[in-house]
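Visitor: Dropping a structure here in structure tokens format, bear with me for questions.
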Amino acid sequence: MDLDTMQERWKSLDARLDACIRLDRHLLRESVERRLRSHARWEVALRLPGLALDVVAVAWLGSFLANHAAEPGLAVPALLVLAFVVVTGSATVRHLLLVGRIDLAGPVVKSQRLLQERKAERIRASLAVFLLAPLLWTPLLVVAIAALGADPYRLLGVPWLLANVALGLVAIPAGIALARRLAGRLSGHPFLQRLADDLAGRNLSAATAWLGALDRFERGEDER
Amino acid sequence: MAGESPALDDRFLDRLEEAKRALYKVASSWCRDPHDRADLLQEMVVQLWRSFERYDERMPFPTWAYRIALNVAISFRRRETRRQRDLVPLEQFGLDVADADLALADASSDVRRLLDRVAALDELSRALVLLHLEGHRHAEIGEALGISEGNVATRLGRIKERLRRSMDP
């Protein structure tokens with residue numbers, strides 16, 4: 001039995017399938033609209049307010065930096081927080097631009113490549129947030145206290161602040177180790193599962209491997 | 001923004017009638033589990049609607065729908081997590097495929113064996129074989145997948161040989 005012979009048998013199913021599959025227009029309208037609302041809420045809830053906050057944060061941090069440019073103890077922490085906000089904000093913009101470029105009716109290899117690039121972008125942004133957050137919360141605290149008019153170094157003490165930085169440095173490998181331990185074991189908790197798989201590097205590896213497979217397919221090479 | 005899309009119009013639903021078989025065939029080749037298949041079919045319909053305003057009438061609707069169905073099916077299998085909260089049984093979604101499932105179960109043993117073999121292929125080869133089974137020419141398959149015509153011919157030749165060996169008794 002070969003594929004060309006099977007072509008006829010495969011096509012012979014068509015008339016029967018056409019008669020068997022029934023659409024209920026009323027239900028379809030309701031269901032699709034419900035699902036679309038859910039998709040839209042998810043995008044709006046996660047992306048746009050975050051981006052608006054980033055813009056506000058950049059403006060505020062820029063003003064803070066201008067006021068404290070001559071004080072390295074305040075300018076450096078503010079600069080670190082600003083860099084973080086700019087990096088994560090630009091990742092969100094890149095993500096939204098990629099979403100706009102994806103045409104699912106386009107050639108499969110091209111669409112899949114864009115989808116994977118978007119996924120890789122999202123994973124890198126997650127990694128940046130969760131890996132840098134333990135280190136960045138100390139400069140953020142310094143900036144916040146200074147913005148309230150107090151001296152953070154006098155209020156909290158340099159040793160306490162350094163201990164927090166050290167704790168952050170320990171928290172990063174500990175978080176990765178925990179994620180590796182939990183990756184693939186949280187199937188009942190989709191959000192936590194994705195987070196653990198992101199931190200453990202599993203999702204990024206999968207996205208990179210798929211991009212490689214798409215390249216090989218496009219070049220006509222055999223799948224490994 | 002998807003949430004601002006107008007209500008599903010009759011024009012789209014008429015077109016969906018033309019493409020329902022294609023969606024079902026792709027979904028059946030991708031998911032053997034009925035729940036996964038229901039989820040995939042719903043996702044296909046939603047994505048078709050989201051893309052419908054960009055549909056170019058010069059392309060036959062089933063061909064256009066087939067491309068979207070393949071892209072959705074491949075992405076569906078590669079999704080890291082599923083949003084089960086969105087899933088409703090297919091008949092409540094407005095798409096009744098129960099009789100189609102019976103028709104497929106009644107199909108000749110050759111067709112069922114073919115579906116098993118196709119399901120065992122990698123996702124891109126599976127897409128290529130399905131387009132071939134639907135009777136598309138190499139140039140059309142190449143265009144749908146985004147690869148050269150020569151690449152289609154080479155790959156199809158390899159897959160045919162592999163399937164022939166695996167399907168021989």
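Please note that chains go A, B, ... in the order of the structure tokens, that every chain numbers its residues from 1, and that ligands are numbered from 1 in the order shown.
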Which chain A residues are at most 6 Å from chain B (counting only C-alpha atoms), as a ChimeraX atom specification?
Guide: /A:2-3,7,17-18,20-24,27-29,31-32,36-37,40,104-105,107-109,190,218,220
Visitor: Those residues you just picked out, can you put them in a file as a tab-separated table (two decimals), in the first residue's frame with C-alpha atoms?
Guide:
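To be explicit, this is the file written out as result.tsv:
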```
chain	number	residue	atom	x	y	z
A	2	ASP	CA	1.53	3.32	-0.96
A	3	LEU	CA	0.72	6.94	-0.23
A	7	GLN	CA	-4.78	9.49	-1.53
A	17	LEU	CA	-17.48	13.71	6.64
A	18	ASP	CA	-19.19	16.71	5.05
A	20	CYS	CA	-21.58	14.08	9.33
A	21	ILE	CA	-20.05	17.26	10.76
A	22	ARG	CA	-22.76	19.67	11.89
A	23	LEU	CA	-22.39	23.30	12.83
A	24	ASP	CA	-24.80	24.98	15.23
A	27	LEU	CA	-23.85	28.01	19.72
A	28	LEU	CA	-20.78	28.74	17.61
A	29	ARG	CA	-21.38	32.48	17.81
A	31	SER	CA	-18.75	30.02	22.15
A	32	VAL	CA	-16.28	31.78	19.88
A	36	LEU	CA	-12.27	35.63	22.25
A	37	ARG	CA	-13.24	37.73	25.26
A	40	ALA	CA	-8.51	39.56	24.95
A	104	LEU	CA	-1.29	31.95	10.86
A	105	ALA	CA	-2.45	31.73	7.24
A	107	PRO	CA	3.63	29.55	5.22
A	108	VAL	CA	3.90	27.11	8.11
A	109	VAL	CA	7.68	27.36	8.55
A	190	PRO	CA	-0.30	25.35	34.61
A	218	GLU	CA	13.48	24.45	5.29
A	220	GLY	CA	15.84	19.98	3.17
```
Visitor: To test your reading of the structure, identify every residue in chain B that backbone DSSP assigns to helix (DSSP H, G or I), and report it as an MDAnalysis selection string.
Guide: chainID B and resid 2:4 10:30 34:54 61:78 84:86 90:93 98:106 109:120 123:133 138:145 149:167
Visitor: So the first atom is atom CA of Asp151 of chain A and the second is atom CA of Pro72 of chain A; what is the distance between them in Å, to one decimal place?
Guide: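 Computed distance, atom CA of Asp151 of chain A to atom CA of Pro72 of chain A, equals 13.1 Å.
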Visitor: Given only C-alpha atoms as the basis, pick out the residue of A:Leu48, A:Leu115, A:Val76, A:Leu167 nearest to Thr92 of chain A.
Guide: A:Leu48
